[in-house]
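This report refers to the structure that appears directly beneath it.
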Amino acid sequence: MLRSPVNVTSTSPQAIQTARPVAGPYSHFMDLSKGEKILEMRGITKIFSGGVVANDQVDFDIRAGEIHALLGENGAGKSTLMHILSGLIEPDEGEIIIGGQQVRIGSPQDALKLGIGMVHQHRKLIPAHSVLENIIIGHPRTPIILNKHKAKKEISQLAQSFGFEIDLDAKVWQLDASEAQVVEIVKVLYLGARILILDEPTSTLTPPETEQLMSSLKSMVKQGLAVVPFITHKLPVVLDISDRITILRNGKIVDHILTEKADEKWLARKMVGKETLFDLHRTEVELGQEILKVVDLSAMNNKGFQAVKGVSFSVREGEIFGIAGVSGNGQFELAEVLMGLRKPTQGAIFFQGKDIKRTSIKKRWSLGIGYVPAERIEVGSVADFSLGDNMAINLYFNDNYCKWGILNFKKIYQDTEASIREFSIKTPGHRAKAKEMSGGNLQKLILARVISCRPRLLIVNLPTQGLDVGAGEFVQNKLLELKKQGVAILLISEDLDETLSLSDSVAPIYEGQLMGILSRAEADKQKVGRMMAGMVRSSE
Amino acid sequence: MINWEFCVAFIQASMIFLLAATGELVNQRSGVLNVGLEGLMLVGALAAFAIAAKTGSPWLGFAGGMVSGGLIGLLHGFLSISLKADQTVSGMGMWILALGMTTYLGQPLSGPLPGDGRLESVIAGLTPMFFIGIVIVICVWFGLFRTKYGLWVRSAGEDPSVAVVSGLNVTRIRYICVVFGGVMGGLAGAYLTLVYNPVWSPNPTMGRGWIALAIVFFSMWRPEIMLLGSFLFGFLWHLAISPSALQFQGIDLSYHFYRMIPFIATIVVLTVISSKKISRIIGAEKPAALGKPYFDQD
Ligand SMILES: Nc1ncnc2c1ncn2[C@@H]1O[C@H](COP(=O)(O)OP(=O)(O)OP(=O)(O)O)[C@@H](O)[C@H]1O
Ligand SMILES: [Mg+2]
């Protein structure tokens, strides 16, 4: 429990009468003028059991009405610092001061009582439950006998006041990533958070959704809420909406700055600690034979609606085929159908001329199709396995690693170590467990794993999601290198700049249909943007 | 012939399944598997029988059965929640322990229950415990799906890490649920020896606990389907021991054949129901974290 009774004991049931985020028991937020310090972390140090110093004497503060961005490379210690603030991890050293008094935050409940709520980098929702159930679980004011009707009304009002649309009756497994993200934000607000910690809030959001979220955040701040979004890689977003920026490197604070004084180059240099080069090494190669051919393919999404509608295209050796689109337009379903994770309702898929519509997933891997899912953490890795074992999961059908059913662990571990070095993954070694890695580093590992299978066709979803600037650029260069080696790549990305700078052909997708296929020369940003929004269709 | 007497007997038989399965459903929903259900019932049966025989009060007997079942549940909880032992292994241990213990301790009590320890019927041959049992099942259904505590239980069974982030105490929730499962298992055992068949002989449950366990899986963790399943198996079970109720014309099957019916039915029903197609129609799924111990952040 809390050592000091700051405002926790004063939480009377009447004080939480309304679900409006403004009112609440957190009086220490109410009478503060903008800019006043409401929360301070002093000398926070956290050393994990493996000896990793995730936070080293960190001082950090949050002021009323500000949006405070926390920046840093993958593994810099951002999530750890925020987990300490939200009661998930206890620091080894340091103190947290709220409203002038020292508090101990021993659990997420304690944090919520103090008005601190966190939306995590990895989704924390229960897929089998409905959205409503997910939101009201743990709310102190939920009556013993659930009054779903009343709760629904309150929550939709709350959501609407910030401009969010959510379907409360849907089951969470039916939602796509961005919808789930919104549910989590609404949940934390409904629980009464006044300091809303967002860990990578935009990494799964589409540009319009990001904009929507950012304007919602701004309106929250106006209502007296302090917000800490923290965004590693989308520097333009940081510059656009934040008031103040704190930069972490290797667990230490390297700088604070007011956003108006910062620029992108400076931030990138501070984060990495050296001058960064924004440079892609693209070499044109002769496109080879056709590797993947998709004819008139259709499929349903989880909700049972037609998500992919009669899509046809082909990808050749050495070609990067970019599907540009806002998420939720069928691109993920398309990727899943190609990999065999989802059944097509019509159409045909040819891999090197052979129909693979009925081929199993495992067979597709051994034929040379590699797949990087968008939900790398949830789908792509086993949290309790070591990094080496996580690599092995994907290599058992590869003759180089597995003979007569016996895995060559020595080689797997050696290659894991090699990948760790090549991708500069921050971890003590292949024995570390996946759940002990920072979000971005785990992403890199899964990419490395797929690439080490030497696929002939690589299907990659959101390759740079959650990666810092340097790592993102490294991955993009890696894709270009694979292209040079003749790998056919199907690139699915929401970052239009990324798609345009990497792809040989660009196909904007809108509501499950390809709006046309443009060559690299034809594809300019405005044209593709308009096609993605469904406004024009290419004439062919 | 099927007459009212047969019906009363089969309803009583069904109640045993229903009570045991209800408890097991709750602890499985919270993520703890207790395969030692048969053992819980044995302990409850013996405690209830002994107390009712000594004191002459069936109500004290029921209370004793529930308390002893709850204690075994608590032990299972301690092993599987606090010590994070394998839940199946621990549950098996509970059964073996109970089987040995009740056989040994029950030896001197062998024989029928003295008349004043039995529960008199109140309505049409049904005892008050029948009605109390039905009320309990309805409360569990309501509790699981209409109250916040039910939501907590279901969340602990689906994803404990989410439940923790949402401010719930997963350890406490799971403890309460296994103890509840134990109490209900004990009650089912008490029902067996005080109402259904008031005689003590070694291993009086004869596999009923295993069938109740199967009913929980068969119900896809939904109380309303479980209610149906319990009555189906109660009917089959009772038919098996009194096949004369249904005399098939010209077919004279051995008594052993009838005894097989409930067990064969279990296998068939479980196989059919657990197929992907059916479970999709029912729209229910196994609690995602069932059987997995929860480790706190370390
Ligand atoms: N539970 C844990 N056990 C051991 N080490 C851990 C654990 N959690 C994190 N770490 C280590 O602490 C360091 C900081 O991790 P953290 O998750 O805070 O990084 P981050 O800044 O959020 O990075 P990203 O941008 O990749 O999400 C990393 O080196 C990581 O490997
Ligand atoms: Mg992180």
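Following the order of the structure tokens, chains are lettered A, B, ..., residues in each are numbered from 1, and ligands are numbered from 1.
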| query | Which protein, DNA or RNA residues have an atom within 6 Å of ligand 1, counting only C-alpha atoms and all ligand atoms, as a VMD selection string? | reply | chain A and resid 48 to 50 52 54 73 to 80 426 to 427 436 to 441
| message | I need the contact residues of chain B against chain A, so if you could list those with any atom within 12 Å, counting only C-alpha atoms, and return them as a PyMOL selection string, that would help. | response | chain B and resi 139+142-170+283-289+295-298
Residues from the last selection, N, CA and C atoms, saved as a short mmCIF file (atom, residue, chain, number, x, y, z; two decimals), in the first residue's frame:
data_model
loop_
_atom_site.label_atom_id
_atom_site.label_comp_id
_atom_site.auth_asym_id
_atom_site.auth_seq_id
_atom_site.Cartn_x
_atom_site.Cartn_y
_atom_site.Cartn_z
N CYS B 139 -27.53 -18.87 -9.36
CA CYS B 139 -26.71 -17.78 -8.84
C CYS B 139 -25.33 -17.76 -9.51
N PHE B 142 -25.70 -16.33 -12.95
CA PHE B 142 -25.90 -14.88 -12.87
C PHE B 142 -24.61 -14.20 -12.46
N GLY B 143 -23.97 -14.78 -11.45
CA GLY B 143 -22.74 -14.19 -10.94
C GLY B 143 -21.67 -14.11 -12.01
N LEU B 144 -21.53 -15.15 -12.80
CA LEU B 144 -20.46 -15.16 -13.80
C LEU B 144 -20.68 -14.16 -14.91
N PHE B 145 -21.94 -14.00 -15.33
CA PHE B 145 -22.15 -13.21 -16.53
C PHE B 145 -22.82 -11.86 -16.29
N ARG B 146 -23.32 -11.64 -15.07
CA ARG B 146 -24.03 -10.39 -14.86
C ARG B 146 -23.42 -9.53 -13.77
N THR B 147 -22.39 -10.02 -13.11
CA THR B 147 -21.82 -9.20 -12.04
C THR B 147 -20.35 -8.92 -12.32
N LYS B 148 -19.83 -7.93 -11.59
CA LYS B 148 -18.44 -7.58 -11.84
C LYS B 148 -17.51 -8.65 -11.32
N TYR B 149 -17.93 -9.35 -10.26
CA TYR B 149 -17.05 -10.40 -9.76
C TYR B 149 -16.90 -11.51 -10.80
N GLY B 150 -18.01 -11.77 -11.51
CA GLY B 150 -17.94 -12.77 -12.58
C GLY B 150 -16.98 -12.33 -13.66
N LEU B 151 -17.03 -11.05 -13.98
CA LEU B 151 -16.12 -10.51 -14.99
C LEU B 151 -14.68 -10.68 -14.52
N TRP B 152 -14.45 -10.45 -13.23
CA TRP B 152 -13.09 -10.61 -12.70
C TRP B 152 -12.63 -12.05 -12.86
N VAL B 153 -13.54 -12.97 -12.48
CA VAL B 153 -13.18 -14.40 -12.56
C VAL B 153 -12.85 -14.77 -14.00
N ARG B 154 -13.71 -14.37 -14.92
CA ARG B 154 -13.49 -14.73 -16.32
C ARG B 154 -12.22 -14.11 -16.85
N SER B 155 -11.91 -12.90 -16.39
CA SER B 155 -10.69 -12.24 -16.87
C SER B 155 -9.45 -12.95 -16.33
N ALA B 156 -9.50 -13.37 -15.07
CA ALA B 156 -8.35 -14.07 -14.50
C ALA B 156 -8.10 -15.36 -15.27
N GLY B 157 -9.16 -15.96 -15.80
CA GLY B 157 -8.99 -17.19 -16.55
C GLY B 157 -8.60 -16.97 -17.99
N GLU B 158 -8.86 -15.79 -18.50
CA GLU B 158 -8.53 -15.53 -19.90
C GLU B 158 -7.10 -15.00 -20.03
N ASP B 159 -6.77 -14.00 -19.28
CA ASP B 159 -5.44 -13.42 -19.37
C ASP B 159 -5.09 -12.73 -18.06
N PRO B 160 -4.43 -13.45 -17.16
CA PRO B 160 -4.14 -12.88 -15.85
C PRO B 160 -3.32 -11.59 -15.93
N SER B 161 -2.46 -11.47 -16.93
CA SER B 161 -1.63 -10.26 -16.97
C SER B 161 -2.50 -9.04 -17.24
N VAL B 162 -3.53 -9.21 -18.04
CA VAL B 162 -4.45 -8.10 -18.29
C VAL B 162 -5.23 -7.79 -17.02
N ALA B 163 -5.67 -8.84 -16.34
CA ALA B 163 -6.43 -8.64 -15.12
C ALA B 163 -5.60 -7.84 -14.11
N VAL B 164 -4.32 -8.15 -14.02
CA VAL B 164 -3.46 -7.44 -13.08
C VAL B 164 -3.33 -5.97 -13.46
N VAL B 165 -3.11 -5.73 -14.75
CA VAL B 165 -2.99 -4.34 -15.19
C VAL B 165 -4.28 -3.58 -14.90
N SER B 166 -5.42 -4.29 -14.97
CA SER B 166 -6.69 -3.63 -14.68
C SER B 166 -6.95 -3.52 -13.19
N GLY B 167 -5.98 -3.89 -12.39
CA GLY B 167 -6.11 -3.66 -10.97
C GLY B 167 -6.72 -4.82 -10.19
N LEU B 168 -6.74 -6.01 -10.75
CA LEU B 168 -7.32 -7.13 -10.02
C LEU B 168 -6.23 -7.95 -9.33
N ASN B 169 -6.62 -8.63 -8.26
CA ASN B 169 -5.70 -9.49 -7.55
C ASN B 169 -5.96 -10.93 -8.00
N VAL B 170 -5.20 -11.35 -9.00
CA VAL B 170 -5.46 -12.64 -9.63
C VAL B 170 -5.31 -13.78 -8.63
N GLY B 283 -20.19 -20.75 -29.88
CA GLY B 283 -19.51 -19.47 -29.68
C GLY B 283 -18.75 -19.42 -28.39
N ALA B 284 -18.36 -20.57 -27.87
CA ALA B 284 -17.65 -20.55 -26.61
C ALA B 284 -16.25 -21.12 -26.81
N GLU B 285 -15.36 -20.69 -25.99
CA GLU B 285 -14.00 -21.18 -26.07
C GLU B 285 -13.47 -21.44 -24.68
N LYS B 286 -12.49 -22.30 -24.64
CA LYS B 286 -11.82 -22.61 -23.39
C LYS B 286 -11.20 -21.35 -22.81
N PRO B 287 -11.28 -21.14 -21.49
CA PRO B 287 -10.58 -20.00 -20.91
C PRO B 287 -9.11 -20.06 -21.32
N ALA B 288 -8.61 -18.98 -21.90
CA ALA B 288 -7.31 -19.04 -22.56
C ALA B 288 -6.17 -19.38 -21.60
N ALA B 289 -6.31 -19.00 -20.33
CA ALA B 289 -5.20 -19.23 -19.41
C ALA B 289 -5.45 -20.44 -18.52
N PHE B 295 2.59 -16.05 -12.99
CA PHE B 295 3.79 -15.56 -12.34
C PHE B 295 3.74 -14.05 -12.27
N ASP B 296 3.96 -13.52 -11.09
CA ASP B 296 4.01 -12.06 -10.97
C ASP B 296 5.28 -11.57 -11.65
N GLN B 297 5.23 -10.31 -12.02
CA GLN B 297 6.44 -9.68 -12.59
C GLN B 297 7.60 -9.86 -11.60
N ASP B 298 8.71 -10.41 -12.10
CA ASP B 298 9.80 -10.58 -11.13
C ASP B 298 11.01 -9.75 -11.52
#
| said: According to DSSP computed on the backbone, where in range 37-262 of chain B is there helix (DSSP H, G or I)? Give the residues as a ChimeraX atom specification. | reply: /B:37-55,58-82,87-109,115-117,128-146,148-158,160-165,170-196,208-218,223-241,243-245,255-262
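Nearest to Ala240 in chain B of all the residues B:Ala50, B:Glu224, B:Ser254, B:Met260 is B:Met260, counting only C-alpha atoms.
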| request: Determine, counting only C-alpha atoms, which protein, DNA and RNA residues have an atom within 6 Å of an atom of Phe62 in chain B; residues of the same chain fewer than 3 positions away are not included. Present the result as a list in words. | output: Ala48, Trp59, Gly65 and Ala190 of chain B
Residues of the last selection are to be written out with N, CA, C and O atoms, as an mmCIF file, in the first residue's frame.
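What ended up in selection_36.cif:
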data_model
loop_
_atom_site.group_PDB
_atom_site.id
_atom_site.type_symbol
_atom_site.label_atom_id
_atom_site.label_comp_id
_atom_site.auth_asym_id
_atom_site.auth_seq_id
_atom_site.Cartn_x
_atom_site.Cartn_y
_atom_site.Cartn_z
ATOM 1 N N ALA B 48 -19.703 -35.959 5.280
ATOM 2 C CA ALA B 48 -21.141 -35.767 5.459
ATOM 3 C C ALA B 48 -21.770 -36.998 6.094
ATOM 4 O O ALA B 48 -22.562 -36.902 7.037
ATOM 5 N N TRP B 59 -28.282 -31.736 8.096
ATOM 6 C CA TRP B 59 -27.790 -30.391 7.768
ATOM 7 C C TRP B 59 -26.365 -30.221 8.244
ATOM 8 O O TRP B 59 -25.534 -29.653 7.525
ATOM 9 N N GLY B 65 -19.565 -31.775 4.861
ATOM 10 C CA GLY B 65 -19.126 -32.133 3.511
ATOM 11 C C GLY B 65 -18.566 -30.944 2.778
ATOM 12 O O GLY B 65 -17.518 -31.012 2.125
ATOM 13 N N ALA B 190 -21.736 -35.008 -0.504
ATOM 14 C CA ALA B 190 -22.698 -35.096 0.586
ATOM 15 C C ALA B 190 -24.066 -35.466 0.051
ATOM 16 O O ALA B 190 -24.785 -36.289 0.627
#
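The interatomic distance for the pair CA of Ala64 in chain A and CA of Met214 in chain A works out to 17.3 Å.
Using only C-alpha atoms and all ligand atoms for every distance, the candidate list A:Ala418, A:Val58, A:Met82, A:Leu297 yields A:Met82 as the residue closest to ligand 2.
Among A:Lys343, A:Lys410, A:Arg282, A:His83, the residue with the shortest atom-to-atom distance to ligand 2, counting only C-alpha atoms and all ligand atoms, is A:His83.
Nearest residue to ligand 2 among A:Gly72, A:Gly353, A:Gly472, A:Gly163 is A:Gly72, counting only C-alpha atoms and all ligand atoms.
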| Selection near range 83-87 of chain B, 7 Å with only C-alpha atoms, sequence-local residues under 3 positions removed, as number ranges by chain | B: 33-34, 78-80, 90-91, 291, 293
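Distances to Leu518 in chain A were evaluated for A:Leu189, A:Lys411, A:Ile47, A:Gly322 using only C-alpha atoms, and the minimum falls at A:Gly322.
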| What is the distance, in Å and to one decimal place, between CA of Ser452 in chain A and CA of Gly51 in chain A? | 28.8 Å
| task | Fewer than 4 positions away in the same chain doesn't count, so skip those; otherwise give me all residues within 8 Å of Val227 in chain A, counting only C-alpha atoms, as a list of chain:residue names. | result | A:Gly65, A:Glu66, A:Ile67, A:His68, A:Arg194, A:Ile195, A:Leu196, A:Ile197, A:Leu198, A:Leu217, A:Val221
Export N, CA and C atoms of the chosen residues as a PDB file, in the first residue's frame?
ATOM      1  N   GLY A  65      -1.318  20.140 -17.887  1.00  0.00           N
ATOM      2  CA  GLY A  65      -1.712  20.591 -19.204  1.00  0.00           C
ATOM      3  C   GLY A  65      -0.679  20.475 -20.293  1.00  0.00           C
ATOM      4  N   GLU A  66       0.321  19.612 -20.095  1.00  0.00           N
ATOM      5  CA  GLU A  66       1.310  19.517 -21.162  1.00  0.00           C
ATOM      6  C   GLU A  66       1.297  18.141 -21.816  1.00  0.00           C
ATOM      7  N   ILE A  67       1.763  18.132 -23.035  1.00  0.00           N
ATOM      8  CA  ILE A  67       2.022  16.864 -23.698  1.00  0.00           C
ATOM      9  C   ILE A  67       3.531  16.709 -23.721  1.00  0.00           C
ATOM     10  N   HIS A  68       3.984  15.675 -23.086  1.00  0.00           N
ATOM     11  CA  HIS A  68       5.412  15.522 -22.867  1.00  0.00           C
ATOM     12  C   HIS A  68       5.891  14.294 -23.629  1.00  0.00           C
ATOM     13  N   ARG A 194      -5.808  10.698 -15.063  1.00  0.00           N
ATOM     14  CA  ARG A 194      -5.625  12.108 -15.392  1.00  0.00           C
ATOM     15  C   ARG A 194      -4.259  12.321 -16.001  1.00  0.00           C
ATOM     16  N   ILE A 195      -3.363  11.409 -15.727  1.00  0.00           N
ATOM     17  CA  ILE A 195      -2.093  11.397 -16.437  1.00  0.00           C
ATOM     18  C   ILE A 195      -2.149  10.160 -17.308  1.00  0.00           C
ATOM     19  N   LEU A 196      -2.209  10.376 -18.587  1.00  0.00           N
ATOM     20  CA  LEU A 196      -2.405   9.263 -19.504  1.00  0.00           C
ATOM     21  C   LEU A 196      -1.068   8.944 -20.153  1.00  0.00           C
ATOM     22  N   ILE A 197      -0.517   7.794 -19.818  1.00  0.00           N
ATOM     23  CA  ILE A 197       0.776   7.423 -20.390  1.00  0.00           C
ATOM     24  C   ILE A 197       0.528   6.576 -21.629  1.00  0.00           C
ATOM     25  N   LEU A 198       1.032   7.008 -22.749  1.00  0.00           N
ATOM     26  CA  LEU A 198       0.816   6.262 -23.982  1.00  0.00           C
ATOM     27  C   LEU A 198       2.151   5.735 -24.482  1.00  0.00           C
ATOM     28  N   LEU A 217      -5.993  14.279 -27.976  1.00  0.00           N
ATOM     29  CA  LEU A 217      -5.062  14.522 -26.874  1.00  0.00           C
ATOM     30  C   LEU A 217      -5.005  16.003 -26.548  1.00  0.00           C
ATOM     31  N   VAL A 221      -5.825  17.801 -22.969  1.00  0.00           N
ATOM     32  CA  VAL A 221      -4.906  18.668 -22.261  1.00  0.00           C
ATOM     33  C   VAL A 221      -5.592  19.963 -21.887  1.00  0.00           C
TER      34      VAL A 221
END
